>>> print(open('work-v7.cif').read())   # mmCIF, C-alpha atoms
data_coords
#
loop_
_atom_site.group_PDB
_atom_site.id
_atom_site.type_symbol
_atom_site.label_atom_id
_atom_site.label_comp_id
_atom_site.auth_asym_id
_atom_site.auth_seq_id
_atom_site.Cartn_x
_atom_site.Cartn_y
_atom_site.Cartn_z
ATOM 1 C CA MET Q 27 -0.857 3.630 14.331
ATOM 2 C CA ARG Q 28 -0.209 7.357 14.265
ATOM 3 C CA CYS Q 29 -1.284 9.629 11.419
ATOM 4 C CA GLY Q 30 -1.816 13.310 10.769
ATOM 5 C CA CYS Q 31 -5.365 14.588 11.080
ATOM 6 C CA ILE Q 32 -6.741 15.780 7.738
ATOM 7 C CA GLU Q 33 -8.809 18.414 9.555
ATOM 8 C CA CYS Q 34 -6.270 20.133 11.827
ATOM 9 C CA GLY Q 35 -2.892 18.432 11.217
ATOM 10 C CA ALA Q 36 -2.400 17.125 14.769
ATOM 11 C CA PHE Q 37 -1.155 13.585 15.325
ATOM 12 C CA MET Q 38 -4.032 11.121 15.543
ATOM 13 C CA ILE Q 39 -3.851 8.023 17.727
ATOM 14 C CA HIS Q 40 -5.519 4.682 17.086
ATOM 15 C CA ALA Q 41 -8.607 4.260 19.248
ATOM 16 C CA ASP Q 42 -8.661 1.023 21.254
ATOM 17 C CA ASP Q 43 -12.445 0.754 21.085
ATOM 18 C CA ALA Q 44 -12.904 1.069 17.308
ATOM 19 C CA GLU Q 45 -11.257 0.519 13.930
ATOM 20 C CA ALA Q 46 -10.347 4.169 13.583
ATOM 21 C CA CYS Q 47 -7.895 6.826 14.646
ATOM 22 C CA VAL Q 48 -9.115 9.757 16.718
ATOM 23 C CA CYS Q 49 -7.639 13.246 16.732
ATOM 24 C CA PRO Q 50 -7.009 14.432 20.302
ATOM 25 C CA GLU Q 51 -7.294 18.069 19.185
ATOM 26 C CA CYS Q 52 -10.504 18.224 17.138
ATOM 27 C CA GLY Q 53 -12.052 14.759 17.626
ATOM 28 C CA HIS Q 54 -12.031 13.839 13.915
ATOM 29 C CA ARG Q 55 -12.197 10.071 13.310
ATOM 30 C CA CYS Q 56 -10.579 8.396 10.306
ATOM 31 C CA SER Q 57 -9.827 4.822 9.182
ATOM 32 C CA ALA Q 58 -7.941 5.521 5.927
ATOM 33 C CA CYS Q 59 -4.577 4.208 7.131
ATOM 34 C CA LEU Q 60 -6.128 0.989 8.430
ATOM 35 C CA GLY Q 61 -7.277 -0.168 4.998
ATOM 36 C CA THR Q 62 -10.837 -0.775 6.088
ATOM 37 C CA ASN Q 63 -13.410 -1.207 3.350
ATOM 38 C CA THR Q 64 -10.648 -1.857 0.806
ATOM 39 C CA VAL Q 65 -11.088 -5.587 0.187
ATOM 40 C CA VAL Q 66 -10.072 -6.576 -3.336
ATOM 41 C CA SER Q 67 -12.422 -9.036 -5.033
ATOM 42 C CA ARG Q 68 -11.116 -12.143 -6.771
ATOM 43 C CA GLU Q 69 -12.023 -10.625 -10.156
ATOM 44 C CA GLN Q 70 -10.188 -7.362 -9.372
ATOM 45 C CA LEU Q 71 -7.126 -9.346 -8.302
ATOM 46 C CA LYS Q 72 -7.174 -11.336 -11.555
ATOM 47 C CA ASN Q 73 -7.383 -8.063 -13.517
ATOM 48 C CA LEU Q 74 -4.295 -6.736 -11.714
ATOM 49 C CA ALA Q 75 -2.256 -9.586 -13.191
ATOM 50 C CA ALA Q 76 -2.654 -7.958 -16.619
ATOM 51 C CA VAL Q 77 -1.202 -4.606 -15.506
ATOM 52 C CA ARG Q 78 2.243 -4.314 -17.074
ATOM 53 C CA TRP Q 79 4.030 -2.256 -14.382
ATOM 54 C CA ILE Q 80 2.937 -4.687 -11.676
ATOM 55 C CA ASN Q 81 4.491 -7.589 -13.559
ATOM 56 C CA GLN Q 82 7.692 -5.598 -14.118
ATOM 57 C CA ASP Q 83 7.934 -4.838 -10.385
ATOM 58 C CA ILE Q 84 7.268 -8.474 -9.484
ATOM 59 C CA ASP Q 85 10.012 -9.600 -11.879
ATOM 60 C CA ARG Q 86 12.418 -6.996 -10.483
ATOM 61 C CA VAL Q 87 11.800 -8.138 -6.907
ATOM 62 C CA ARG Q 88 12.069 -11.807 -7.884
ATOM 63 C CA ASP Q 89 15.407 -11.139 -9.602
ATOM 64 C CA ALA Q 90 16.696 -9.141 -6.643
ATOM 65 C CA LEU Q 91 15.791 -11.946 -4.251
ATOM 66 C CA ALA Q 92 17.559 -14.421 -6.537
ATOM 67 C CA GLY Q 93 20.695 -12.263 -6.490
ATOM 68 C CA LYS Q 94 20.492 -11.121 -10.105
ATOM 69 C CA ASP Q 95 21.461 -7.535 -10.973
ATOM 70 C CA THR Q 96 18.694 -6.371 -13.319
ATOM 71 C CA ASP Q 97 20.400 -3.024 -14.031
ATOM 72 C CA GLU Q 98 23.197 -4.752 -15.938
ATOM 73 C CA GLU Q 99 20.708 -6.470 -18.236
ATOM 74 C CA ASP Q 100 19.170 -3.138 -19.285
ATOM 75 C CA GLU Q 101 22.478 -1.642 -20.444
ATOM 76 C CA PRO Q 102 23.478 -2.067 -24.124
#
>>> encode(input="work-v7.cif", output="structure tokens")
Amino acid sequence: MRCGCIECGAFMIHADDAEACVCPECGHRCSACLGTNTVVSREQLKNLAAVRWINQDIDRVRDALAGKDTDEEDEP
């Protein structure tokens, strides 16, 4: 994984010895791009099912995978 350091802007490189990236210029360590400490609970996941735009995106992807053109359906 390679990211830009939020401290100095240099490219950071994933450290082999830890779940983090390390900036070779300033030594800053970061794990934001790795998704650590971002586990979604079962309850949070159930709540996401009620979010309207998520369902619209899921339907759009499902239709695209099925070969349907959803843009035609939106036109009058």
>>> resolve_selection(input="work-v7.cif", expression="the PyMOL selection byres ((chain Q and resi 52) around 10)", output="list in words")
Cys31, Glu33, Cys34, Gly35, Ala36, Met38, Val48, Cys49, Pro50, Glu51, Gly53, His54 and Arg55 of chain Q
>>> write_last_selection(input="work-v7.cif", atoms="C-alpha atoms", output="JSON list (two decimals), in the coordinates of the input")
[["chain", "number", "residue", "atom", "x", "y", "z"],
["Q", 31, "CYS", "CA", -5.36, 14.59, 11.08],
["Q", 33, "GLU", "CA", -8.81, 18.41, 9.56],
["Q", 34, "CYS", "CA", -6.27, 20.13, 11.83],
["Q", 35, "GLY", "CA", -2.89, 18.43, 11.22],
["Q", 36, "ALA", "CA", -2.40, 17.12, 14.77],
["Q", 38, "MET", "CA", -4.03, 11.12, 15.54],
["Q", 48, "VAL", "CA", -9.12, 9.76, 16.72],
["Q", 49, "CYS", "CA", -7.64, 13.25, 16.73],
["Q", 50, "PRO", "CA", -7.01, 14.43, 20.30],
["Q", 51, "GLU", "CA", -7.29, 18.07, 19.18],
["Q", 53, "GLY", "CA", -12.05, 14.76, 17.63],
["Q", 54, "HIS", "CA", -12.03, 13.84, 13.92],
["Q", 55, "ARG", "CA", -12.20, 10.07, 13.31]]
>>> atom_distance(input="work-v7.cif", atom1="CA of Ala76 (chain Q)", atom2="CA of Gly93 (chain Q)")
25.8 Å
>>> resolve_selection(input="work-v7.cif", expression="the PyMOL selection byres ((chain Q and resi 46) around 8)", output="list in words")
His40, Ala41, Ala44, Glu45, Cys47, Val48, Arg55, Cys56, Ser57 and Leu60 of chain Q
>>> write_last_selection(input="work-v7.cif", atoms="C-alpha atoms", output="compact mmCIF listing (two decimals), keeping the file's coordinate frame")
# COMPACT_ATOMS: atom_id res chain seq x y z
CA HIS Q 40 -5.52 4.68 17.09
CA ALA Q 41 -8.61 4.26 19.25
CA ALA Q 44 -12.90 1.07 17.31
CA GLU Q 45 -11.26 0.52 13.93
CA CYS Q 47 -7.90 6.83 14.65
CA VAL Q 48 -9.12 9.76 16.72
CA ARG Q 55 -12.20 10.07 13.31
CA CYS Q 56 -10.58 8.40 10.31
CA SER Q 57 -9.83 4.82 9.18
CA LEU Q 60 -6.13 0.99 8.43
>>> atom_distance(input="work-v7.cif", atom1="CA of Ile80 (chain Q)", atom2="CA of Ala58 (chain Q)")
23.1 Å
>>> decode(input="work-v7.cif", residues="region 57-92 of chain Q", atoms="N, CA, C and O atoms", output="PDB file, in the first residue's frame")
ATOM      1  N   SER Q  57      -2.491   4.350   9.833  1.00  0.00           N
ATOM      2  CA  SER Q  57      -3.157   3.115   9.418  1.00  0.00           C
ATOM      3  C   SER Q  57      -4.525   3.396   8.790  1.00  0.00           C
ATOM      4  O   SER Q  57      -5.335   2.491   8.660  1.00  0.00           O
ATOM      5  N   ALA Q  58      -4.777   4.640   8.396  1.00  0.00           N
ATOM      6  CA  ALA Q  58      -6.097   5.019   7.875  1.00  0.00           C
ATOM      7  C   ALA Q  58      -6.492   4.227   6.635  1.00  0.00           C
ATOM      8  O   ALA Q  58      -7.638   3.781   6.512  1.00  0.00           O
ATOM      9  N   CYS Q  59      -5.565   4.016   5.718  1.00  0.00           N
ATOM     10  CA  CYS Q  59      -5.911   3.335   4.467  1.00  0.00           C
ATOM     11  C   CYS Q  59      -6.094   1.836   4.647  1.00  0.00           C
ATOM     12  O   CYS Q  59      -6.620   1.168   3.767  1.00  0.00           O
ATOM     13  N   LEU Q  60      -5.675   1.303   5.783  1.00  0.00           N
ATOM     14  CA  LEU Q  60      -5.772  -0.133   6.020  1.00  0.00           C
ATOM     15  C   LEU Q  60      -7.104  -0.539   6.624  1.00  0.00           C
ATOM     16  O   LEU Q  60      -7.413  -1.716   6.728  1.00  0.00           O
ATOM     17  N   GLY Q  61      -7.903   0.429   7.050  1.00  0.00           N
ATOM     18  CA  GLY Q  61      -9.218   0.135   7.600  1.00  0.00           C
ATOM     19  C   GLY Q  61      -9.182  -0.466   8.989  1.00  0.00           C
ATOM     20  O   GLY Q  61     -10.135  -1.097   9.415  1.00  0.00           O
ATOM     21  N   THR Q  62      -8.089  -0.283   9.696  1.00  0.00           N
ATOM     22  CA  THR Q  62      -8.020  -0.840  11.042  1.00  0.00           C
ATOM     23  C   THR Q  62      -8.938  -0.067  11.975  1.00  0.00           C
ATOM     24  O   THR Q  62      -9.215   1.107  11.788  1.00  0.00           O
ATOM     25  N   ASN Q  63      -9.444  -0.735  12.941  1.00  0.00           N
ATOM     26  CA  ASN Q  63     -10.378  -0.171  13.922  1.00  0.00           C
ATOM     27  C   ASN Q  63     -11.650   0.370  13.278  1.00  0.00           C
ATOM     28  O   ASN Q  63     -12.240   1.330  13.746  1.00  0.00           O
ATOM     29  N   THR Q  64     -12.086  -0.243  12.176  1.00  0.00           N
ATOM     30  CA  THR Q  64     -13.292   0.213  11.496  1.00  0.00           C
ATOM     31  C   THR Q  64     -14.300  -0.928  11.331  1.00  0.00           C
ATOM     32  O   THR Q  64     -15.044  -0.961  10.372  1.00  0.00           O
ATOM     33  N   VAL Q  65     -14.318  -1.865  12.259  1.00  0.00           N
ATOM     34  CA  VAL Q  65     -15.241  -2.984  12.186  1.00  0.00           C
ATOM     35  C   VAL Q  65     -16.658  -2.467  12.389  1.00  0.00           C
ATOM     36  O   VAL Q  65     -16.921  -1.675  13.280  1.00  0.00           O
ATOM     37  N   VAL Q  66     -17.565  -2.922  11.536  1.00  0.00           N
ATOM     38  CA  VAL Q  66     -18.968  -2.529  11.619  1.00  0.00           C
ATOM     39  C   VAL Q  66     -19.705  -3.593  12.412  1.00  0.00           C
ATOM     40  O   VAL Q  66     -19.625  -4.786  12.098  1.00  0.00           O
ATOM     41  N   SER Q  67     -20.425  -3.178  13.444  1.00  0.00           N
ATOM     42  CA  SER Q  67     -21.181  -4.134  14.261  1.00  0.00           C
ATOM     43  C   SER Q  67     -22.383  -4.655  13.479  1.00  0.00           C
ATOM     44  O   SER Q  67     -22.819  -4.065  12.490  1.00  0.00           O
ATOM     45  N   ARG Q  68     -22.942  -5.743  13.954  1.00  0.00           N
ATOM     46  CA  ARG Q  68     -24.127  -6.325  13.311  1.00  0.00           C
ATOM     47  C   ARG Q  68     -25.284  -5.323  13.305  1.00  0.00           C
ATOM     48  O   ARG Q  68     -26.001  -5.186  12.318  1.00  0.00           O
ATOM     49  N   GLU Q  69     -25.448  -4.605  14.411  1.00  0.00           N
ATOM     50  CA  GLU Q  69     -26.529  -3.610  14.514  1.00  0.00           C
ATOM     51  C   GLU Q  69     -26.315  -2.465  13.524  1.00  0.00           C
ATOM     52  O   GLU Q  69     -27.262  -2.011  12.874  1.00  0.00           O
ATOM     53  N   GLN Q  70     -25.078  -1.984  13.403  1.00  0.00           N
ATOM     54  CA  GLN Q  70     -24.779  -0.911  12.445  1.00  0.00           C
ATOM     55  C   GLN Q  70     -25.049  -1.377  11.022  1.00  0.00           C
ATOM     56  O   GLN Q  70     -25.569  -0.626  10.203  1.00  0.00           O
ATOM     57  N   LEU Q  71     -24.701  -2.614  10.720  1.00  0.00           N
ATOM     58  CA  LEU Q  71     -24.937  -3.160   9.385  1.00  0.00           C
ATOM     59  C   LEU Q  71     -26.430  -3.256   9.085  1.00  0.00           C
ATOM     60  O   LEU Q  71     -26.877  -2.919   7.991  1.00  0.00           O
ATOM     61  N   LYS Q  72     -27.215  -3.681  10.073  1.00  0.00           N
ATOM     62  CA  LYS Q  72     -28.674  -3.733   9.893  1.00  0.00           C
ATOM     63  C   LYS Q  72     -29.236  -2.340   9.645  1.00  0.00           C
ATOM     64  O   LYS Q  72     -30.137  -2.163   8.825  1.00  0.00           O
ATOM     65  N   ASN Q  73     -28.715  -1.329  10.348  1.00  0.00           N
ATOM     66  CA  ASN Q  73     -29.183   0.046  10.158  1.00  0.00           C
ATOM     67  C   ASN Q  73     -28.859   0.570   8.764  1.00  0.00           C
ATOM     68  O   ASN Q  73     -29.605   1.385   8.213  1.00  0.00           O
ATOM     69  N   LEU Q  74     -27.762   0.118   8.174  1.00  0.00           N
ATOM     70  CA  LEU Q  74     -27.398   0.563   6.826  1.00  0.00           C
ATOM     71  C   LEU Q  74     -28.418   0.106   5.783  1.00  0.00           C
ATOM     72  O   LEU Q  74     -28.589   0.750   4.760  1.00  0.00           O
ATOM     73  N   ALA Q  75     -29.091  -0.993   6.050  1.00  0.00           N
ATOM     74  CA  ALA Q  75     -30.096  -1.494   5.108  1.00  0.00           C
ATOM     75  C   ALA Q  75     -31.248  -0.516   4.926  1.00  0.00           C
ATOM     76  O   ALA Q  75     -31.930  -0.539   3.909  1.00  0.00           O
ATOM     77  N   ALA Q  76     -31.470   0.360   5.892  1.00  0.00           N
ATOM     78  CA  ALA Q  76     -32.556   1.338   5.805  1.00  0.00           C
ATOM     79  C   ALA Q  76     -32.151   2.622   5.092  1.00  0.00           C
ATOM     80  O   ALA Q  76     -32.996   3.464   4.816  1.00  0.00           O
ATOM     81  N   VAL Q  77     -30.889   2.782   4.737  1.00  0.00           N
ATOM     82  CA  VAL Q  77     -30.424   3.992   4.076  1.00  0.00           C
ATOM     83  C   VAL Q  77     -30.812   3.925   2.599  1.00  0.00           C
ATOM     84  O   VAL Q  77     -30.427   3.001   1.882  1.00  0.00           O
ATOM     85  N   ARG Q  78     -31.573   4.894   2.158  1.00  0.00           N
ATOM     86  CA  ARG Q  78     -32.166   4.863   0.817  1.00  0.00           C
ATOM     87  C   ARG Q  78     -31.132   4.823  -0.308  1.00  0.00           C
ATOM     88  O   ARG Q  78     -31.246   4.039  -1.239  1.00  0.00           O
ATOM     89  N   TRP Q  79     -30.081   5.657  -0.245  1.00  0.00           N
ATOM     90  CA  TRP Q  79     -29.129   5.710  -1.359  1.00  0.00           C
ATOM     91  C   TRP Q  79     -28.347   4.418  -1.477  1.00  0.00           C
ATOM     92  O   TRP Q  79     -27.948   4.032  -2.576  1.00  0.00           O
ATOM     93  N   ILE Q  80     -28.155   3.705  -0.376  1.00  0.00           N
ATOM     94  CA  ILE Q  80     -27.456   2.422  -0.456  1.00  0.00           C
ATOM     95  C   ILE Q  80     -28.310   1.432  -1.234  1.00  0.00           C
ATOM     96  O   ILE Q  80     -27.815   0.732  -2.118  1.00  0.00           O
ATOM     97  N   ASN Q  81     -29.599   1.383  -0.929  1.00  0.00           N
ATOM     98  CA  ASN Q  81     -30.486   0.475  -1.646  1.00  0.00           C
ATOM     99  C   ASN Q  81     -30.573   0.826  -3.123  1.00  0.00           C
ATOM    100  O   ASN Q  81     -30.637  -0.060  -3.977  1.00  0.00           O
ATOM    101  N   GLN Q  82     -30.582   2.113  -3.458  1.00  0.00           N
ATOM    102  CA  GLN Q  82     -30.620   2.521  -4.859  1.00  0.00           C
ATOM    103  C   GLN Q  82     -29.355   2.072  -5.586  1.00  0.00           C
ATOM    104  O   GLN Q  82     -29.415   1.589  -6.716  1.00  0.00           O
ATOM    105  N   ASP Q  83     -28.194   2.213  -4.948  1.00  0.00           N
ATOM    106  CA  ASP Q  83     -26.942   1.772  -5.553  1.00  0.00           C
ATOM    107  C   ASP Q  83     -26.904   0.260  -5.719  1.00  0.00           C
ATOM    108  O   ASP Q  83     -26.447  -0.251  -6.743  1.00  0.00           O
ATOM    109  N   ILE Q  84     -27.400  -0.471  -4.723  1.00  0.00           N
ATOM    110  CA  ILE Q  84     -27.436  -1.927  -4.813  1.00  0.00           C
ATOM    111  C   ILE Q  84     -28.328  -2.347  -5.980  1.00  0.00           C
ATOM    112  O   ILE Q  84     -27.968  -3.226  -6.765  1.00  0.00           O
ATOM    113  N   ASP Q  85     -29.488  -1.725  -6.111  1.00  0.00           N
ATOM    114  CA  ASP Q  85     -30.396  -2.041  -7.214  1.00  0.00           C
ATOM    115  C   ASP Q  85     -29.760  -1.721  -8.557  1.00  0.00           C
ATOM    116  O   ASP Q  85     -29.888  -2.493  -9.515  1.00  0.00           O
ATOM    117  N   ARG Q  86     -29.057  -0.590  -8.641  1.00  0.00           N
ATOM    118  CA  ARG Q  86     -28.409  -0.188  -9.886  1.00  0.00           C
ATOM    119  C   ARG Q  86     -27.333  -1.198 -10.284  1.00  0.00           C
ATOM    120  O   ARG Q  86     -27.241  -1.602 -11.446  1.00  0.00           O
ATOM    121  N   VAL Q  87     -26.551  -1.644  -9.328  1.00  0.00           N
ATOM    122  CA  VAL Q  87     -25.502  -2.628  -9.615  1.00  0.00           C
ATOM    123  C   VAL Q  87     -26.121  -3.964 -10.000  1.00  0.00           C
ATOM    124  O   VAL Q  87     -25.689  -4.609 -10.956  1.00  0.00           O
ATOM    125  N   ARG Q  88     -27.162  -4.375  -9.284  1.00  0.00           N
ATOM    126  CA  ARG Q  88     -27.841  -5.630  -9.593  1.00  0.00           C
ATOM    127  C   ARG Q  88     -28.391  -5.595 -11.016  1.00  0.00           C
ATOM    128  O   ARG Q  88     -28.256  -6.561 -11.769  1.00  0.00           O
ATOM    129  N   ASP Q  89     -29.020  -4.480 -11.401  1.00  0.00           N
ATOM    130  CA  ASP Q  89     -29.563  -4.355 -12.748  1.00  0.00           C
ATOM    131  C   ASP Q  89     -28.450  -4.366 -13.797  1.00  0.00           C
ATOM    132  O   ASP Q  89     -28.594  -4.972 -14.859  1.00  0.00           O
ATOM    133  N   ALA Q  90     -27.350  -3.692 -13.509  1.00  0.00           N
ATOM    134  CA  ALA Q  90     -26.244  -3.664 -14.455  1.00  0.00           C
ATOM    135  C   ALA Q  90     -25.658  -5.062 -14.653  1.00  0.00           C
ATOM    136  O   ALA Q  90     -25.337  -5.458 -15.781  1.00  0.00           O
ATOM    137  N   LEU Q  91     -25.542  -5.817 -13.577  1.00  0.00           N
ATOM    138  CA  LEU Q  91     -25.025  -7.176 -13.686  1.00  0.00           C
ATOM    139  C   LEU Q  91     -25.984  -8.084 -14.437  1.00  0.00           C
ATOM    140  O   LEU Q  91     -25.567  -9.040 -15.095  1.00  0.00           O
ATOM    141  N   ALA Q  92     -27.283  -7.778 -14.363  1.00  0.00           N
ATOM    142  CA  ALA Q  92     -28.285  -8.572 -15.064  1.00  0.00           C
ATOM    143  C   ALA Q  92     -28.437  -8.135 -16.518  1.00  0.00           C
ATOM    144  O   ALA Q  92     -29.192  -8.733 -17.272  1.00  0.00           O
TER     145      ALA Q  92
END
